[in-house]
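Structure first, commentary second.
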Amino acid sequence: MINLTDSAVNALKSAISASAQPTSGLRIMVEAGGCAGFKYKMGFADEAKPEDTVIERDGIKVFVDNKSHEHLAGTTIDFVVALEGSGFTFDNPNASSSCSCGKSCSG
């Protein structure tokens, strides 16, 4: 299960309503790279792929492919507003370590 904070849900609802393309949710993936070995990748999606797990919270659909799901199970996604900038952060219990940017981890 992937958790979205209220702040993340509100940020996603705003972004989806402002999107010029048809969007029904958010696709989240983990791929090699980033400053800690893996990086989180997010983007809008219109529909699920056959290999996706679909999670829904407050009308927001989150699409996660099976390969990424094992790395993301139990992760909480938040939207943080800070002096350094605003953005999504990931609190991932599966990561053996993470970097200070909140956008990559090692696993």
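Here, A, B, ... name the chains of the structure tokens in the order displayed, residue numbers run from 1 inside each chain, and ligands are numbered from 1 in the same displayed order.
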Could you make a table, as JSON lines, of the residues of stretch 53-104 of chain A that have an atom within 8 Å of an atom of stretch 2-18 of chain A, each with its nearest atom pair and distance in Å to one decimal, counting only C-alpha atoms, in chain and number order?
{"residue": "A:Ile55", "atom": "CA", "partner": "A:Ile2", "partner_atom": "CA", "distance": 7.3}
{"residue": "A:Arg57", "atom": "CA", "partner": "A:Leu4", "partner_atom": "CA", "distance": 7.4}
{"residue": "A:Asp58", "atom": "CA", "partner": "A:Val9", "partner_atom": "CA", "distance": 7.4}
{"residue": "A:Ile60", "atom": "CA", "partner": "A:Val9", "partner_atom": "CA", "distance": 7.0}
{"residue": "A:Leu72", "atom": "CA", "partner": "A:Ile2", "partner_atom": "CA", "distance": 6.8}
{"residue": "A:Ala73", "atom": "CA", "partner": "A:Ile2", "partner_atom": "CA", "distance": 5.9}
{"residue": "A:Gly74", "atom": "CA", "partner": "A:Ile2", "partner_atom": "CA", "distance": 5.3}
{"residue": "A:Thr75", "atom": "CA", "partner": "A:Ile2", "partner_atom": "CA", "distance": 5.1}
{"residue": "A:Thr76", "atom": "CA", "partner": "A:Asn3", "partner_atom": "CA", "distance": 4.5}
{"residue": "A:Ile77", "atom": "CA", "partner": "A:Leu4", "partner_atom": "CA", "distance": 4.9}
{"residue": "A:Asp78", "atom": "CA", "partner": "A:Ala8", "partner_atom": "CA", "distance": 4.9}
{"residue": "A:Phe79", "atom": "CA", "partner": "A:Ala8", "partner_atom": "CA", "distance": 4.6}
{"residue": "A:Val80", "atom": "CA", "partner": "A:Ser7", "partner_atom": "CA", "distance": 7.5}
{"residue": "A:Phe88", "atom": "CA", "partner": "A:Ala8", "partner_atom": "CA", "distance": 7.2}
Since we have the selection now, will you write its residues out, keeping N, CA and C atoms, as a CSV table (one decimal), in the first residue's frame?
chain,number,residue,atom,x,y,z
A,55,ILE,N,-4.0,2.1,-6.8
A,55,ILE,CA,-4.4,2.5,-5.5
A,55,ILE,C,-5.2,3.8,-5.6
A,57,ARG,N,-7.1,7.1,-3.5
A,57,ARG,CA,-7.4,7.8,-2.3
A,57,ARG,C,-8.0,9.2,-2.6
A,58,ASP,N,-9.2,9.4,-2.1
A,58,ASP,CA,-9.9,10.7,-2.2
A,58,ASP,C,-10.0,11.0,-3.7
A,60,ILE,N,-8.1,10.2,-6.2
A,60,ILE,CA,-6.8,10.2,-6.9
A,60,ILE,C,-6.4,8.8,-7.1
A,72,LEU,N,8.1,0.1,-3.3
A,72,LEU,CA,7.3,1.2,-2.8
A,72,LEU,C,6.3,0.8,-1.7
A,73,ALA,N,6.1,-0.4,-1.4
A,73,ALA,CA,5.1,-0.9,-0.5
A,73,ALA,C,5.3,-0.2,0.9
A,74,GLY,N,4.3,0.5,1.4
A,74,GLY,CA,4.4,1.1,2.7
A,74,GLY,C,4.9,2.6,2.6
A,75,THR,N,5.2,3.0,1.4
A,75,THR,CA,5.8,4.4,1.3
A,75,THR,C,4.7,5.4,1.5
A,76,THR,N,5.0,6.5,2.1
A,76,THR,CA,4.2,7.7,2.3
A,76,THR,C,4.7,8.8,1.4
A,77,ILE,N,3.8,9.3,0.6
A,77,ILE,CA,4.2,10.5,-0.3
A,77,ILE,C,3.5,11.7,0.3
A,78,ASP,N,4.4,12.7,0.4
A,78,ASP,CA,3.9,14.0,1.0
A,78,ASP,C,4.3,15.1,0.0
A,79,PHE,N,3.6,16.2,0.1
A,79,PHE,CA,3.9,17.4,-0.6
A,79,PHE,C,4.3,18.5,0.4
A,80,VAL,N,5.6,18.9,0.3
A,80,VAL,CA,6.2,19.8,1.3
A,80,VAL,C,6.4,21.2,0.7
A,88,PHE,N,7.3,17.0,-3.9
A,88,PHE,CA,6.9,15.7,-3.3
A,88,PHE,C,8.1,15.1,-2.6
Assign secondary structure with DSSP using the backbone only, and return the residues of stretch 1-72 of chain A in strand (DSSP E) as a PyMOL selection string. chain A and resi 3-4+25-32+38-45+52-57+60-65
Just to be explicit: take each residue in the selection above, keep C-alpha atoms, and write the result as a PDB file, in the first residue's frame.
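Output contents, as saved in out-v1.pdb:
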ATOM      1  CA  ASN A   3      -0.054   6.325   1.345  1.00  0.00           C
ATOM      2  CA  LEU A   4      -0.717   9.904   0.264  1.00  0.00           C
ATOM      3  CA  GLY A  25      -4.140   9.648 -11.952  1.00  0.00           C
ATOM      4  CA  LEU A  26      -0.478   9.532 -11.135  1.00  0.00           C
ATOM      5  CA  ARG A  27       2.101   6.953 -12.218  1.00  0.00           C
ATOM      6  CA  ILE A  28       4.921   6.301  -9.720  1.00  0.00           C
ATOM      7  CA  MET A  29       8.005   4.230 -10.541  1.00  0.00           C
ATOM      8  CA  VAL A  30      11.372   3.394  -9.038  1.00  0.00           C
ATOM      9  CA  GLU A  31      14.313   3.178 -11.420  1.00  0.00           C
ATOM     10  CA  ALA A  32      18.095   2.995 -11.183  1.00  0.00           C
ATOM     11  CA  PHE A  38      17.343   4.436  -7.006  1.00  0.00           C
ATOM     12  CA  LYS A  39      15.196   7.401  -7.918  1.00  0.00           C
ATOM     13  CA  TYR A  40      11.483   7.971  -7.773  1.00  0.00           C
ATOM     14  CA  LYS A  41       9.782   8.959 -10.995  1.00  0.00           C
ATOM     15  CA  MET A  42       6.299  10.449 -11.189  1.00  0.00           C
ATOM     16  CA  GLY A  43       4.046  11.488 -14.032  1.00  0.00           C
ATOM     17  CA  PHE A  44       0.420  11.766 -14.994  1.00  0.00           C
ATOM     18  CA  ALA A  45      -1.336   8.753 -16.462  1.00  0.00           C
ATOM     19  CA  ASP A  52      -0.153  -2.071 -12.705  1.00  0.00           C
ATOM     20  CA  THR A  53      -1.476  -2.040  -9.186  1.00  0.00           C
ATOM     21  CA  VAL A  54      -4.014   0.762  -8.804  1.00  0.00           C
ATOM     22  CA  ILE A  55      -4.426   2.519  -5.468  1.00  0.00           C
ATOM     23  CA  GLU A  56      -7.119   5.147  -4.964  1.00  0.00           C
ATOM     24  CA  ARG A  57      -7.401   7.817  -2.268  1.00  0.00           C
ATOM     25  CA  ILE A  60      -6.778  10.227  -6.863  1.00  0.00           C
ATOM     26  CA  LYS A  61      -5.612   7.052  -8.621  1.00  0.00           C
ATOM     27  CA  VAL A  62      -1.999   5.982  -8.218  1.00  0.00           C
ATOM     28  CA  PHE A  63      -0.636   3.532 -10.801  1.00  0.00           C
ATOM     29  CA  VAL A  64       2.394   1.432  -9.800  1.00  0.00           C
ATOM     30  CA  ASP A  65       3.963  -1.247 -12.012  1.00  0.00           C
TER      31      ASP A  65
END
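The coordinates place atom CA of A:Thr89 at 21.2 Å from atom CA of A:Ser24.
Our summary of the geometry notes that atom CA of A:Ala48 is positioned 21.8 Å from atom CA of A:Phe90.
If you look at atom CA of A:Asp46 and atom CA of A:His71, they are 22.8 Å away from each other.
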Residues of chain A in alpha helix (DSSP H) according to DSSP, as a list in words? Asp6, Ser7, Ala8, Val9, Asn10, Ala11, Leu12, Lys13, Ser14, Ala15, Ile16, Ser17, Ala18, Asn66, Lys67, Ser68, His69, Glu70, His71 and Leu72 of chain A
Non-local contacts of A:Asn66 (6 Å; only C-alpha atoms; under 2 positions in same chain excluded) as a PyMOL selection string: chain A and resi 51-52+68-69
Output N, CA, C and O atoms for every residue in the selection just made, as a PDB file, in the first residue's frame.
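Full text of out31.pdb as output:
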ATOM      1  N   GLU A  51       0.048  -4.554 -16.075  1.00  0.00           N
ATOM      2  CA  GLU A  51       0.924  -4.956 -14.969  1.00  0.00           C
ATOM      3  C   GLU A  51       0.879  -4.001 -13.777  1.00  0.00           C
ATOM      4  O   GLU A  51       1.668  -4.112 -12.857  1.00  0.00           O
ATOM      5  N   ASP A  52      -0.067  -3.073 -13.760  1.00  0.00           N
ATOM      6  CA  ASP A  52      -0.153  -2.071 -12.705  1.00  0.00           C
ATOM      7  C   ASP A  52      -1.007  -2.511 -11.521  1.00  0.00           C
ATOM      8  O   ASP A  52      -1.996  -3.217 -11.675  1.00  0.00           O
ATOM      9  N   SER A  68       8.079  -1.939  -9.596  1.00  0.00           N
ATOM     10  CA  SER A  68       8.296  -0.847  -8.643  1.00  0.00           C
ATOM     11  C   SER A  68       7.545  -1.072  -7.338  1.00  0.00           C
ATOM     12  O   SER A  68       7.962  -0.579  -6.285  1.00  0.00           O
ATOM     13  N   HIS A  69       6.444  -1.803  -7.403  1.00  0.00           N
ATOM     14  CA  HIS A  69       5.588  -1.976  -6.224  1.00  0.00           C
ATOM     15  C   HIS A  69       6.353  -2.548  -5.037  1.00  0.00           C
ATOM     16  O   HIS A  69       6.163  -2.112  -3.900  1.00  0.00           O
TER      17      HIS A  69
END
